[in-house]
Amino acid sequence: MSNYYCLVTGLPDVALDDAKLSFSVADFKEECMPQLAKEDGELMQLFYLQYDNRNLLALMANAETEQLDERGCLSRENLLEIIQAVRQDDATPQNTPAYMEAYLQAVFADEELQEALPEDVLSAYYYEYAMKCGNAFFARWFQFNLNLNNILIALTARRFGFNASSYLVGNNEVAEALRTSGARDFGLSTELAYYDELARISEMTDPVEKEKRLDLLKWNWLEEETFFHYFSLERLFAFLLKLDIVERWSAIDKEKGGAIFRKLIDDLKNEVVVPAEYKL
């Protein structure tokens with residue numbers, strides 16, 4: 001796997017105007033992705049596939065929909081071709097993500113599955129696919145998010161007295177514990193360092209503050225997990241994930257979002273230690 005010293009240190013300085021941040025998730029895709037080694041670019045595409053998932057579901061609901069997210073990797077025509085190929089049991093295009101084809105096959109073959117929440121079903125296939133990507137850091141990130149979502153679902157279900165089993169995604173150890181354990185903490189507080197904090201977040205009643213605290217939990221996880229990553233793909237992936245967080249919040253509060261973004265750039269450029277081989 002390649003080192004990306006020049007790419008990390010060459011990221012643009014922040015220049016804010018009244019409308020938007022000067023660098024975005026879409027900009028990263030256009031400007032930085034072409035600079036990655038082929039296998040690294042394929043790993044980084046796992047992030048952008050979340051937008052393809054949304055677009056796929058939108059087109060399945062209405063093939064004429066115009067509101068597609070341009071940050072995805074697959075075009076409208078490509079997605080429609082994939083849907084049609086699977087529906088007719090034909091060969092899918094070469095660039096079809098394996099999990100997407102498996103999801104469509106399952107949905108078209110199972111009427112009960114069509115009644116389920118499509119986002120949750122597709123997420124199950126997506127997370128399972130991403131966790132088998134072959135990169136330990138990427139796999140841990142997707143598993144972390146899977147666990148967060150499932151734990152929040154289970155805690156909410158317990159609070160309001162409904163069965164969470166049909167809403168839980170995936171089949172890892174955490175999901176199985178949430179389905180089967182009767183313990184107050186599902187037997188997870190000693191296994192997951194973030195369980196207690198997540199349990200406190202689940203009890204918050206202000207949805208905006210709850211979302212902020214959840215993003216902060218993710219941010220801190222990224223900080224800890226990339227502490228010893230300097231100019232690697234993992235550090236760029238963490239940057240992209242943080243950028244996504246900032247971009248979402250800056251759309252709500254541009255001043256605070258911009259301040260966080262400045263800190264993100266400064267941290268990325270100033271907190272890394274330059275290896276001796278890169279020094280003149």
# chains A, B, ... in the order shown; residues from 1 in each chain; ligands from 1
$ residues_around --residues "Asn95 of chain A" --least-positions-apart "4" --cutoff "10 Å" --atoms "only C-alpha atoms" --output "ChimeraX atom specification"
/A:73-74,78,82
$ select_by_dssp --residues "segment 98-190 of chain A" --states "alpha helix (DSSP H)" --output "compact mmCIF listing (two decimals) with all heavy atoms, in the first residue's frame"
# COMPACT_ATOMS: atom_id res chain seq x y z
N ALA A 98 -20.67 -6.36 -5.92
CA ALA A 98 -21.23 -7.69 -5.65
C ALA A 98 -22.39 -7.63 -4.66
O ALA A 98 -23.39 -8.33 -4.82
CB ALA A 98 -20.13 -8.62 -5.15
N TYR A 99 -22.28 -6.79 -3.64
CA TYR A 99 -23.34 -6.73 -2.62
C TYR A 99 -24.63 -6.16 -3.21
O TYR A 99 -25.73 -6.53 -2.80
CB TYR A 99 -22.88 -5.87 -1.43
CG TYR A 99 -22.93 -4.39 -1.68
CD1 TYR A 99 -24.07 -3.64 -1.41
CD2 TYR A 99 -21.83 -3.73 -2.20
CE1 TYR A 99 -24.12 -2.28 -1.66
CE2 TYR A 99 -21.86 -2.38 -2.45
CZ TYR A 99 -22.99 -1.65 -2.18
OH TYR A 99 -23.04 -0.30 -2.43
N MET A 100 -24.49 -5.25 -4.17
CA MET A 100 -25.66 -4.62 -4.77
C MET A 100 -26.44 -5.65 -5.60
O MET A 100 -27.67 -5.71 -5.55
CB MET A 100 -25.22 -3.44 -5.64
CG MET A 100 -26.32 -2.48 -6.01
SD MET A 100 -25.70 -1.03 -6.92
CE MET A 100 -24.93 -0.11 -5.58
N GLU A 101 -25.71 -6.46 -6.35
CA GLU A 101 -26.35 -7.51 -7.13
C GLU A 101 -27.03 -8.53 -6.22
O GLU A 101 -28.17 -8.95 -6.48
CB GLU A 101 -25.32 -8.22 -8.02
CG GLU A 101 -25.91 -9.31 -8.89
CD GLU A 101 -24.91 -9.91 -9.85
OE1 GLU A 101 -23.76 -9.42 -9.90
OE2 GLU A 101 -25.28 -10.87 -10.57
N ALA A 102 -26.35 -8.91 -5.12
CA ALA A 102 -26.92 -9.87 -4.18
C ALA A 102 -28.19 -9.32 -3.53
O ALA A 102 -29.18 -10.03 -3.35
CB ALA A 102 -25.89 -10.24 -3.11
N TYR A 103 -28.17 -8.03 -3.19
CA TYR A 103 -29.34 -7.39 -2.60
C TYR A 103 -30.52 -7.43 -3.56
O TYR A 103 -31.65 -7.80 -3.18
CB TYR A 103 -29.00 -5.95 -2.23
CG TYR A 103 -30.22 -5.09 -1.99
CD1 TYR A 103 -30.97 -5.19 -0.82
CD2 TYR A 103 -30.64 -4.16 -2.96
CE1 TYR A 103 -32.09 -4.41 -0.61
CE2 TYR A 103 -31.76 -3.37 -2.76
CZ TYR A 103 -32.48 -3.50 -1.59
OH TYR A 103 -33.60 -2.73 -1.38
N LEU A 104 -30.29 -7.05 -4.81
CA LEU A 104 -31.37 -7.02 -5.80
C LEU A 104 -31.92 -8.42 -6.05
O LEU A 104 -33.14 -8.61 -6.17
CB LEU A 104 -30.86 -6.40 -7.10
CG LEU A 104 -30.56 -4.89 -7.05
CD1 LEU A 104 -29.86 -4.46 -8.32
CD2 LEU A 104 -31.84 -4.09 -6.85
N GLN A 105 -31.04 -9.40 -6.14
CA GLN A 105 -31.50 -10.78 -6.33
C GLN A 105 -32.40 -11.22 -5.18
O GLN A 105 -33.44 -11.85 -5.40
CB GLN A 105 -30.29 -11.71 -6.45
CG GLN A 105 -29.52 -11.56 -7.75
CD GLN A 105 -28.24 -12.37 -7.76
OE1 GLN A 105 -27.72 -12.76 -6.72
NE2 GLN A 105 -27.70 -12.62 -8.96
N ALA A 106 -32.00 -10.88 -3.96
CA ALA A 106 -32.79 -11.27 -2.79
C ALA A 106 -34.14 -10.57 -2.76
O ALA A 106 -35.17 -11.19 -2.48
CB ALA A 106 -32.00 -10.95 -1.52
N VAL A 107 -34.15 -9.29 -3.08
CA VAL A 107 -35.39 -8.51 -3.05
C VAL A 107 -36.37 -9.00 -4.11
O VAL A 107 -37.57 -9.17 -3.85
CB VAL A 107 -35.10 -7.01 -3.23
CG1 VAL A 107 -36.39 -6.23 -3.50
CG2 VAL A 107 -34.42 -6.46 -1.99
N PHE A 108 -35.88 -9.25 -5.31
CA PHE A 108 -36.77 -9.68 -6.39
C PHE A 108 -37.28 -11.11 -6.18
O PHE A 108 -38.32 -11.48 -6.73
CB PHE A 108 -36.05 -9.58 -7.74
CG PHE A 108 -35.77 -8.17 -8.17
CD1 PHE A 108 -34.61 -7.86 -8.88
CD2 PHE A 108 -36.66 -7.15 -7.89
CE1 PHE A 108 -34.35 -6.55 -9.28
CE2 PHE A 108 -36.40 -5.84 -8.29
CZ PHE A 108 -35.25 -5.55 -8.99
N ALA A 109 -36.55 -11.89 -5.38
CA ALA A 109 -36.94 -13.29 -5.17
C ALA A 109 -37.81 -13.50 -3.94
O ALA A 109 -38.43 -14.55 -3.79
CB ALA A 109 -35.69 -14.17 -5.06
N GLU A 111 -40.84 -11.90 -1.63
CA GLU A 111 -41.87 -10.89 -1.46
C GLU A 111 -41.87 -10.29 -0.06
O GLU A 111 -42.13 -9.11 0.12
CB GLU A 111 -43.25 -11.50 -1.77
CG GLU A 111 -43.45 -11.86 -3.23
CD GLU A 111 -44.85 -12.36 -3.49
OE1 GLU A 111 -45.65 -12.38 -2.54
OE2 GLU A 111 -45.14 -12.73 -4.64
N GLU A 112 -41.56 -11.11 0.95
CA GLU A 112 -41.52 -10.60 2.32
C GLU A 112 -40.40 -9.58 2.49
O GLU A 112 -40.54 -8.60 3.21
CB GLU A 112 -41.34 -11.75 3.31
CG GLU A 112 -42.55 -12.66 3.42
CD GLU A 112 -42.39 -13.67 4.53
OE1 GLU A 112 -41.37 -13.61 5.25
OE2 GLU A 112 -43.28 -14.52 4.68
N LEU A 113 -39.28 -9.83 1.81
CA LEU A 113 -38.16 -8.91 1.90
C LEU A 113 -38.53 -7.56 1.28
O LEU A 113 -38.05 -6.51 1.72
CB LEU A 113 -36.94 -9.49 1.17
CG LEU A 113 -35.56 -8.95 1.56
CD1 LEU A 113 -35.32 -9.10 3.05
CD2 LEU A 113 -34.48 -9.67 0.77
N GLN A 114 -39.39 -7.58 0.29
CA GLN A 114 -39.83 -6.34 -0.34
C GLN A 114 -40.66 -5.50 0.62
O GLN A 114 -40.79 -4.29 0.45
CB GLN A 114 -40.64 -6.65 -1.60
CG GLN A 114 -39.82 -7.32 -2.69
CD GLN A 114 -40.66 -7.73 -3.89
OE1 GLN A 114 -41.67 -7.08 -4.19
NE2 GLN A 114 -40.28 -8.80 -4.56
N GLU A 115 -41.23 -6.15 1.64
CA GLU A 115 -42.03 -5.44 2.62
C GLU A 115 -41.16 -4.79 3.69
O GLU A 115 -41.60 -3.89 4.40
CB GLU A 115 -43.00 -6.41 3.30
CG GLU A 115 -43.90 -7.16 2.34
CD GLU A 115 -45.07 -6.32 1.89
OE1 GLU A 115 -45.50 -5.47 2.67
OE2 GLU A 115 -45.53 -6.53 0.77
N PRO A 118 -36.15 -1.00 3.00
CA PRO A 118 -35.10 -1.24 2.01
C PRO A 118 -33.73 -0.72 2.44
O PRO A 118 -32.71 -1.33 2.13
CB PRO A 118 -35.62 -0.52 0.76
CG PRO A 118 -36.62 0.47 1.26
CD PRO A 118 -37.23 -0.15 2.48
N GLU A 119 -33.70 0.41 3.15
CA GLU A 119 -32.42 0.96 3.59
C GLU A 119 -31.70 -0.01 4.51
O GLU A 119 -30.48 -0.21 4.40
CB GLU A 119 -32.62 2.30 4.31
CG GLU A 119 -33.19 3.40 3.45
CD GLU A 119 -34.71 3.40 3.44
OE1 GLU A 119 -35.32 2.43 3.96
OE2 GLU A 119 -35.30 4.36 2.91
N ASP A 120 -32.44 -0.64 5.42
CA ASP A 120 -31.84 -1.56 6.38
C ASP A 120 -31.35 -2.83 5.69
O ASP A 120 -30.28 -3.34 6.00
CB ASP A 120 -32.86 -1.92 7.47
CG ASP A 120 -33.19 -0.73 8.35
OD1 ASP A 120 -32.43 0.25 8.35
OD2 ASP A 120 -34.22 -0.78 9.05
N VAL A 121 -32.14 -3.33 4.76
CA VAL A 121 -31.75 -4.56 4.06
C VAL A 121 -30.51 -4.32 3.22
O VAL A 121 -29.55 -5.11 3.25
CB VAL A 121 -32.91 -5.08 3.18
CG1 VAL A 121 -32.47 -6.33 2.42
CG2 VAL A 121 -34.15 -5.37 4.01
N LEU A 122 -30.49 -3.23 2.48
CA LEU A 122 -29.32 -2.91 1.66
C LEU A 122 -28.10 -2.64 2.52
O LEU A 122 -26.98 -3.04 2.18
CB LEU A 122 -29.63 -1.70 0.77
CG LEU A 122 -28.51 -1.24 -0.17
CD1 LEU A 122 -28.00 -2.38 -1.04
CD2 LEU A 122 -28.98 -0.07 -1.03
N SER A 123 -28.30 -1.99 3.67
CA SER A 123 -27.19 -1.72 4.58
C SER A 123 -26.54 -3.01 5.06
O SER A 123 -25.32 -3.09 5.20
CB SER A 123 -27.66 -0.90 5.79
OG SER A 123 -28.01 0.41 5.40
N ALA A 124 -27.36 -4.02 5.30
CA ALA A 124 -26.82 -5.30 5.76
C ALA A 124 -25.85 -5.88 4.73
O ALA A 124 -24.76 -6.34 5.07
CB ALA A 124 -27.96 -6.29 6.04
N TYR A 125 -26.26 -5.84 3.47
CA TYR A 125 -25.39 -6.35 2.40
C TYR A 125 -24.15 -5.47 2.24
O TYR A 125 -23.04 -5.97 2.03
CB TYR A 125 -26.17 -6.39 1.08
CG TYR A 125 -27.13 -7.55 0.97
CD1 TYR A 125 -28.44 -7.45 1.41
CD2 TYR A 125 -26.71 -8.77 0.41
CE1 TYR A 125 -29.32 -8.52 1.30
CE2 TYR A 125 -27.58 -9.84 0.30
CZ TYR A 125 -28.89 -9.71 0.75
OH TYR A 125 -29.75 -10.77 0.65
N TYR A 126 -24.34 -4.17 2.32
CA TYR A 126 -23.24 -3.20 2.15
C TYR A 126 -22.19 -3.36 3.24
O TYR A 126 -20.99 -3.45 2.96
CB TYR A 126 -23.83 -1.79 2.15
CG TYR A 126 -22.83 -0.66 2.20
CD1 TYR A 126 -21.85 -0.51 1.22
CD2 TYR A 126 -22.89 0.30 3.22
CE1 TYR A 126 -20.96 0.56 1.26
CE2 TYR A 126 -22.01 1.36 3.27
CZ TYR A 126 -21.04 1.49 2.28
OH TYR A 126 -20.16 2.55 2.33
N TYR A 127 -22.62 -3.41 4.50
CA TYR A 127 -21.67 -3.54 5.60
C TYR A 127 -20.91 -4.86 5.54
O TYR A 127 -19.70 -4.92 5.77
CB TYR A 127 -22.39 -3.41 6.95
CG TYR A 127 -22.70 -1.98 7.35
CD1 TYR A 127 -24.00 -1.59 7.68
CD2 TYR A 127 -21.70 -1.03 7.42
CE1 TYR A 127 -24.28 -0.28 8.05
CE2 TYR A 127 -21.97 0.28 7.79
CZ TYR A 127 -23.27 0.65 8.10
OH TYR A 127 -23.55 1.94 8.46
N GLU A 128 -21.62 -5.92 5.24
CA GLU A 128 -20.96 -7.22 5.15
C GLU A 128 -19.89 -7.21 4.06
O GLU A 128 -18.79 -7.75 4.23
CB GLU A 128 -21.99 -8.32 4.87
CG GLU A 128 -21.39 -9.72 4.84
CD GLU A 128 -22.44 -10.80 4.60
OE1 GLU A 128 -23.62 -10.45 4.41
OE2 GLU A 128 -22.06 -11.98 4.60
N TYR A 129 -20.21 -6.59 2.94
CA TYR A 129 -19.27 -6.47 1.83
C TYR A 129 -18.06 -5.63 2.23
O TYR A 129 -16.91 -6.01 1.99
CB TYR A 129 -20.01 -5.83 0.65
CG TYR A 129 -19.17 -5.49 -0.55
CD1 TYR A 129 -18.81 -6.46 -1.48
CD2 TYR A 129 -18.77 -4.17 -0.79
CE1 TYR A 129 -18.06 -6.13 -2.61
CE2 TYR A 129 -18.03 -3.84 -1.91
CZ TYR A 129 -17.68 -4.82 -2.82
OH TYR A 129 -16.94 -4.48 -3.93
N ALA A 130 -18.31 -4.49 2.87
CA ALA A 130 -17.23 -3.57 3.24
C ALA A 130 -16.31 -4.17 4.30
O ALA A 130 -15.10 -3.94 4.28
CB ALA A 130 -17.83 -2.25 3.74
N ALA A 136 -7.67 -3.78 7.32
CA ALA A 136 -8.13 -3.89 8.71
C ALA A 136 -8.78 -2.61 9.21
O ALA A 136 -9.80 -2.65 9.90
CB ALA A 136 -6.96 -4.28 9.61
N PHE A 137 -8.19 -1.45 8.88
CA PHE A 137 -8.74 -0.19 9.36
C PHE A 137 -10.11 0.08 8.75
O PHE A 137 -11.06 0.45 9.45
CB PHE A 137 -7.80 0.96 9.03
CG PHE A 137 -8.34 2.31 9.40
CD1 PHE A 137 -8.34 2.73 10.72
CD2 PHE A 137 -8.88 3.16 8.44
CE1 PHE A 137 -8.86 3.97 11.07
CE2 PHE A 137 -9.40 4.39 8.78
CZ PHE A 137 -9.39 4.81 10.10
N PHE A 138 -10.24 -0.10 7.44
CA PHE A 138 -11.52 0.10 6.78
C PHE A 138 -12.57 -0.84 7.36
O PHE A 138 -13.70 -0.43 7.63
CB PHE A 138 -11.38 -0.16 5.27
CG PHE A 138 -10.77 0.98 4.50
CD1 PHE A 138 -9.48 1.41 4.76
CD2 PHE A 138 -11.48 1.60 3.48
CE1 PHE A 138 -8.90 2.44 4.03
CE2 PHE A 138 -10.92 2.64 2.75
CZ PHE A 138 -9.63 3.06 3.03
N ALA A 139 -12.20 -2.10 7.54
CA ALA A 139 -13.14 -3.09 8.07
C ALA A 139 -13.60 -2.71 9.47
O ALA A 139 -14.79 -2.83 9.81
CB ALA A 139 -12.50 -4.48 8.08
N ARG A 140 -12.67 -2.24 10.31
CA ARG A 140 -13.04 -1.83 11.68
C ARG A 140 -13.99 -0.65 11.65
O ARG A 140 -14.92 -0.56 12.47
CB ARG A 140 -11.79 -1.49 12.50
CG ARG A 140 -10.98 -2.68 12.91
CD ARG A 140 -10.05 -2.35 14.08
NE ARG A 140 -9.18 -1.21 13.79
CZ ARG A 140 -8.01 -1.28 13.16
NH1 ARG A 140 -7.58 -2.45 12.70
NH2 ARG A 140 -7.28 -0.21 12.96
N TRP A 141 -13.78 0.28 10.74
CA TRP A 141 -14.66 1.45 10.65
C TRP A 141 -16.10 1.02 10.31
O TRP A 141 -17.05 1.47 10.95
CB TRP A 141 -14.16 2.44 9.60
CG TRP A 141 -15.17 3.47 9.23
CD1 TRP A 141 -15.92 3.54 8.09
CD2 TRP A 141 -15.60 4.59 10.05
NE1 TRP A 141 -16.77 4.61 8.13
CE2 TRP A 141 -16.60 5.27 9.31
CE3 TRP A 141 -15.24 5.05 11.31
CZ2 TRP A 141 -17.24 6.41 9.80
CZ3 TRP A 141 -15.88 6.20 11.81
CH2 TRP A 141 -16.86 6.86 11.06
N PHE A 142 -16.24 0.18 9.33
CA PHE A 142 -17.58 -0.24 8.93
C PHE A 142 -18.23 -1.10 10.02
O PHE A 142 -19.44 -0.99 10.26
CB PHE A 142 -17.54 -0.97 7.59
CG PHE A 142 -17.34 -0.04 6.43
CD1 PHE A 142 -16.11 0.03 5.78
CD2 PHE A 142 -18.36 0.77 5.99
CE1 PHE A 142 -15.92 0.91 4.71
CE2 PHE A 142 -18.19 1.65 4.92
CZ PHE A 142 -16.96 1.72 4.28
N GLN A 143 -17.45 -1.91 10.69
CA GLN A 143 -18.01 -2.70 11.79
C GLN A 143 -18.41 -1.79 12.95
O GLN A 143 -19.45 -2.01 13.58
CB GLN A 143 -16.99 -3.73 12.28
CG GLN A 143 -17.52 -4.57 13.44
CD GLN A 143 -16.71 -5.81 13.68
OE1 GLN A 143 -16.89 -6.84 13.05
NE2 GLN A 143 -15.77 -5.72 14.61
N PHE A 144 -17.62 -0.78 13.24
CA PHE A 144 -17.92 0.19 14.28
C PHE A 144 -19.27 0.86 14.00
O PHE A 144 -20.12 0.97 14.88
CB PHE A 144 -16.80 1.23 14.33
CG PHE A 144 -17.04 2.39 15.24
CD1 PHE A 144 -17.19 2.21 16.61
CD2 PHE A 144 -17.08 3.68 14.74
CE1 PHE A 144 -17.39 3.30 17.46
CE2 PHE A 144 -17.28 4.77 15.57
CZ PHE A 144 -17.44 4.58 16.93
N ASN A 145 -19.48 1.30 12.77
CA ASN A 145 -20.73 1.95 12.40
C ASN A 145 -21.91 0.99 12.45
O ASN A 145 -23.00 1.35 12.89
CB ASN A 145 -20.61 2.58 11.02
CG ASN A 145 -19.92 3.91 11.05
OD1 ASN A 145 -20.57 4.95 11.14
ND2 ASN A 145 -18.61 3.90 10.99
N LEU A 146 -21.67 -0.24 12.00
CA LEU A 146 -22.71 -1.26 12.10
C LEU A 146 -23.13 -1.47 13.55
O LEU A 146 -24.32 -1.51 13.87
CB LEU A 146 -22.20 -2.57 11.50
CG LEU A 146 -23.11 -3.79 11.62
CD1 LEU A 146 -24.38 -3.61 10.81
CD2 LEU A 146 -22.37 -5.05 11.16
N ASN A 147 -22.14 -1.56 14.43
CA ASN A 147 -22.42 -1.76 15.84
C ASN A 147 -23.17 -0.58 16.45
O ASN A 147 -24.12 -0.76 17.22
CB ASN A 147 -21.13 -2.02 16.61
CG ASN A 147 -20.50 -3.35 16.28
OD1 ASN A 147 -21.15 -4.24 15.72
ND2 ASN A 147 -19.23 -3.52 16.61
N LEU A 148 -22.73 0.64 16.11
CA LEU A 148 -23.40 1.84 16.64
C LEU A 148 -24.88 1.82 16.27
O LEU A 148 -25.75 2.03 17.12
CB LEU A 148 -22.76 3.10 16.08
CG LEU A 148 -21.34 3.48 16.52
CD1 LEU A 148 -20.98 4.86 15.98
CD2 LEU A 148 -21.18 3.44 18.03
N ASN A 149 -25.16 1.61 15.00
CA ASN A 149 -26.55 1.63 14.54
C ASN A 149 -27.38 0.54 15.21
O ASN A 149 -28.52 0.79 15.65
CB ASN A 149 -26.59 1.46 13.02
CG ASN A 149 -25.98 2.63 12.28
OD1 ASN A 149 -25.87 3.72 12.82
ND2 ASN A 149 -25.56 2.41 11.05
N ASN A 150 -26.82 -0.64 15.32
CA ASN A 150 -27.56 -1.75 15.91
C ASN A 150 -27.82 -1.53 17.40
O ASN A 150 -28.90 -1.84 17.91
CB ASN A 150 -26.81 -3.07 15.69
CG ASN A 150 -27.07 -3.66 14.31
OD1 ASN A 150 -28.05 -3.33 13.66
ND2 ASN A 150 -26.17 -4.54 13.87
N ILE A 151 -26.83 -1.04 18.11
CA ILE A 151 -27.00 -0.80 19.55
C ILE A 151 -28.06 0.26 19.79
O ILE A 151 -28.92 0.12 20.68
CB ILE A 151 -25.66 -0.41 20.20
CG1 ILE A 151 -24.70 -1.61 20.20
CG2 ILE A 151 -25.87 0.08 21.63
CD1 ILE A 151 -23.28 -1.27 20.59
N LEU A 152 -28.03 1.33 19.01
CA LEU A 152 -29.05 2.37 19.17
C LEU A 152 -30.45 1.83 18.89
O LEU A 152 -31.40 2.16 19.59
CB LEU A 152 -28.74 3.55 18.24
CG LEU A 152 -27.54 4.42 18.63
CD1 LEU A 152 -27.25 5.44 17.54
CD2 LEU A 152 -27.79 5.12 19.97
N ILE A 153 -30.57 0.98 17.88
CA ILE A 153 -31.86 0.35 17.57
C ILE A 153 -32.32 -0.52 18.74
O ILE A 153 -33.49 -0.46 19.17
CB ILE A 153 -31.76 -0.49 16.29
CG1 ILE A 153 -31.63 0.41 15.06
CG2 ILE A 153 -32.99 -1.40 16.13
CD1 ILE A 153 -31.29 -0.33 13.79
N ALA A 154 -31.41 -1.33 19.27
CA ALA A 154 -31.77 -2.24 20.36
C ALA A 154 -32.16 -1.48 21.62
O ALA A 154 -33.13 -1.85 22.31
CB ALA A 154 -30.60 -3.18 20.66
N LEU A 155 -31.44 -0.42 21.94
CA LEU A 155 -31.76 0.38 23.13
C LEU A 155 -33.10 1.09 22.97
O LEU A 155 -33.89 1.17 23.92
CB LEU A 155 -30.64 1.38 23.40
CG LEU A 155 -29.32 0.80 23.90
CD1 LEU A 155 -28.22 1.85 23.90
CD2 LEU A 155 -29.48 0.20 25.30
N THR A 156 -33.36 1.59 21.78
CA THR A 156 -34.64 2.25 21.52
C THR A 156 -35.78 1.24 21.60
O THR A 156 -36.84 1.52 22.19
CB THR A 156 -34.63 2.90 20.12
OG1 THR A 156 -33.58 3.87 20.06
CG2 THR A 156 -35.96 3.57 19.82
N ALA A 157 -35.57 0.06 21.04
CA ALA A 157 -36.59 -0.98 21.09
C ALA A 157 -36.91 -1.37 22.53
O ALA A 157 -38.07 -1.53 22.91
CB ALA A 157 -36.13 -2.20 20.30
N ARG A 158 -35.88 -1.52 23.34
CA ARG A 158 -36.09 -1.89 24.74
C ARG A 158 -36.83 -0.79 25.48
O ARG A 158 -37.72 -1.06 26.30
CB ARG A 158 -34.74 -2.17 25.40
CG ARG A 158 -34.84 -2.53 26.87
CD ARG A 158 -33.51 -2.97 27.43
NE ARG A 158 -33.13 -4.31 26.97
CZ ARG A 158 -32.00 -4.92 27.32
NH1 ARG A 158 -31.14 -4.30 28.11
NH2 ARG A 158 -31.74 -6.14 26.89
N ARG A 159 -36.51 0.45 25.17
CA ARG A 159 -37.15 1.57 25.87
C ARG A 159 -38.64 1.65 25.55
O ARG A 159 -39.46 1.98 26.42
CB ARG A 159 -36.45 2.88 25.47
CG ARG A 159 -36.97 4.10 26.25
CD ARG A 159 -36.19 5.36 25.89
NE ARG A 159 -34.77 5.18 26.13
CZ ARG A 159 -33.82 5.20 25.18
NH1 ARG A 159 -34.16 5.41 23.93
NH2 ARG A 159 -32.57 5.03 25.48
N PHE A 160 -38.99 1.35 24.31
CA PHE A 160 -40.39 1.49 23.90
C PHE A 160 -41.13 0.16 23.80
O PHE A 160 -42.29 0.11 23.39
CB PHE A 160 -40.47 2.23 22.56
CG PHE A 160 -40.06 3.68 22.66
CD1 PHE A 160 -38.79 4.08 22.30
CD2 PHE A 160 -40.94 4.63 23.14
CE1 PHE A 160 -38.39 5.40 22.39
CE2 PHE A 160 -40.57 5.96 23.25
CZ PHE A 160 -39.29 6.36 22.87
N GLU A 173 -21.04 -10.70 16.01
CA GLU A 173 -21.25 -11.07 17.42
C GLU A 173 -22.09 -10.05 18.17
O GLU A 173 -22.91 -10.41 19.03
CB GLU A 173 -19.90 -11.25 18.10
CG GLU A 173 -19.10 -12.45 17.59
CD GLU A 173 -17.78 -12.61 18.31
OE1 GLU A 173 -17.49 -11.80 19.21
OE2 GLU A 173 -17.03 -13.55 17.96
N VAL A 174 -21.90 -8.78 17.86
CA VAL A 174 -22.67 -7.74 18.53
C VAL A 174 -24.15 -7.84 18.16
O VAL A 174 -25.03 -7.77 19.03
CB VAL A 174 -22.13 -6.34 18.19
CG1 VAL A 174 -23.05 -5.24 18.72
CG2 VAL A 174 -20.72 -6.16 18.76
N ALA A 175 -24.43 -8.02 16.88
CA ALA A 175 -25.82 -8.15 16.45
C ALA A 175 -26.48 -9.35 17.10
O ALA A 175 -27.66 -9.28 17.53
CB ALA A 175 -25.89 -8.27 14.92
N GLU A 176 -25.76 -10.47 17.20
CA GLU A 176 -26.32 -11.67 17.83
C GLU A 176 -26.59 -11.44 19.31
O GLU A 176 -27.60 -11.89 19.85
CB GLU A 176 -25.37 -12.85 17.63
CG GLU A 176 -25.34 -13.36 16.19
CD GLU A 176 -26.72 -13.72 15.69
OE1 GLU A 176 -27.42 -14.51 16.36
OE2 GLU A 176 -27.12 -13.22 14.62
N ALA A 177 -25.68 -10.73 19.99
CA ALA A 177 -25.89 -10.43 21.42
C ALA A 177 -27.12 -9.55 21.60
O ALA A 177 -27.91 -9.74 22.54
CB ALA A 177 -24.64 -9.74 21.99
N LEU A 178 -27.31 -8.59 20.72
CA LEU A 178 -28.46 -7.70 20.81
C LEU A 178 -29.76 -8.44 20.57
O LEU A 178 -30.80 -8.09 21.13
CB LEU A 178 -28.31 -6.56 19.80
CG LEU A 178 -27.15 -5.59 20.04
CD1 LEU A 178 -26.99 -4.64 18.86
CD2 LEU A 178 -27.34 -4.80 21.33
N ARG A 179 -29.70 -9.49 19.76
CA ARG A 179 -30.91 -10.27 19.47
C ARG A 179 -31.26 -11.24 20.60
O ARG A 179 -32.43 -11.55 20.82
CB ARG A 179 -30.72 -11.06 18.18
CG ARG A 179 -30.71 -10.24 16.91
CD ARG A 179 -30.70 -11.12 15.68
NE ARG A 179 -30.72 -10.33 14.44
CZ ARG A 179 -29.66 -10.09 13.69
NH1 ARG A 179 -28.48 -10.60 14.05
NH2 ARG A 179 -29.75 -9.36 12.60
N THR A 180 -30.25 -11.73 21.31
CA THR A 180 -30.49 -12.85 22.22
C THR A 180 -30.29 -12.54 23.71
O THR A 180 -30.86 -13.25 24.55
CB THR A 180 -29.55 -14.02 21.86
OG1 THR A 180 -28.17 -13.59 21.97
CG2 THR A 180 -29.81 -14.49 20.43
$ residues_around --residues "Lys210 of chain A" --least-positions-apart "4" --cutoff "12 Å" --atoms "only C-alpha atoms" --output "list in words"
Leu152, Glu197, Leu198, Ala199, Arg200, Ile201, Ser202, Glu203, Met204, Thr205, Asp206, Leu214, Asp215, Leu216 and Leu217 of chain A
$ closest_residue --among "A:Leu233, A:Leu68, A:Leu59, A:Met131" --to "Ile83 of chain A" --atoms "only C-alpha atoms"
A:Leu59
$ residues_around --residues "Gly41 of chain A" --least-positions-apart "5" --cutoff "10 Å" --atoms "only C-alpha atoms" --output "ChimeraX atom specification"
/A:29,32-36,46,233
$ residues_around --residues "Thr92 of chain A" --least-positions-apart "2" --cutoff "8 Å" --atoms "only C-alpha atoms" --output "number ranges by chain"
A: 81-82, 85-86, 90, 94, 96, 101
$ closest_residue --among "A:Glu191, A:Glu31, A:Asp244, A:Asp52" --to "Glu70 of chain A" --atoms "only C-alpha atoms"
A:Asp52
$ closest_residue --among "A:Tyr195, A:Thr190, A:Thr9, A:Ser22" --to "Ser250 of chain A" --atoms "only C-alpha atoms"
A:Ser22
$ atom_distance --atom1 "atom CA of Glu209 of chain A" --atom2 "atom CA of Phe28 of chain A"
27.9 Å
$ atom_distance --atom1 "atom CA of Leu56 of chain A" --atom2 "atom CA of Leu80 of chain A"
8.1 Å
$ closest_residue --among "A:Ala251, A:Leu117, A:Leu57, A:Leu43" --to "Glu234 of chain A" --atoms "only C-alpha atoms"
A:Leu43
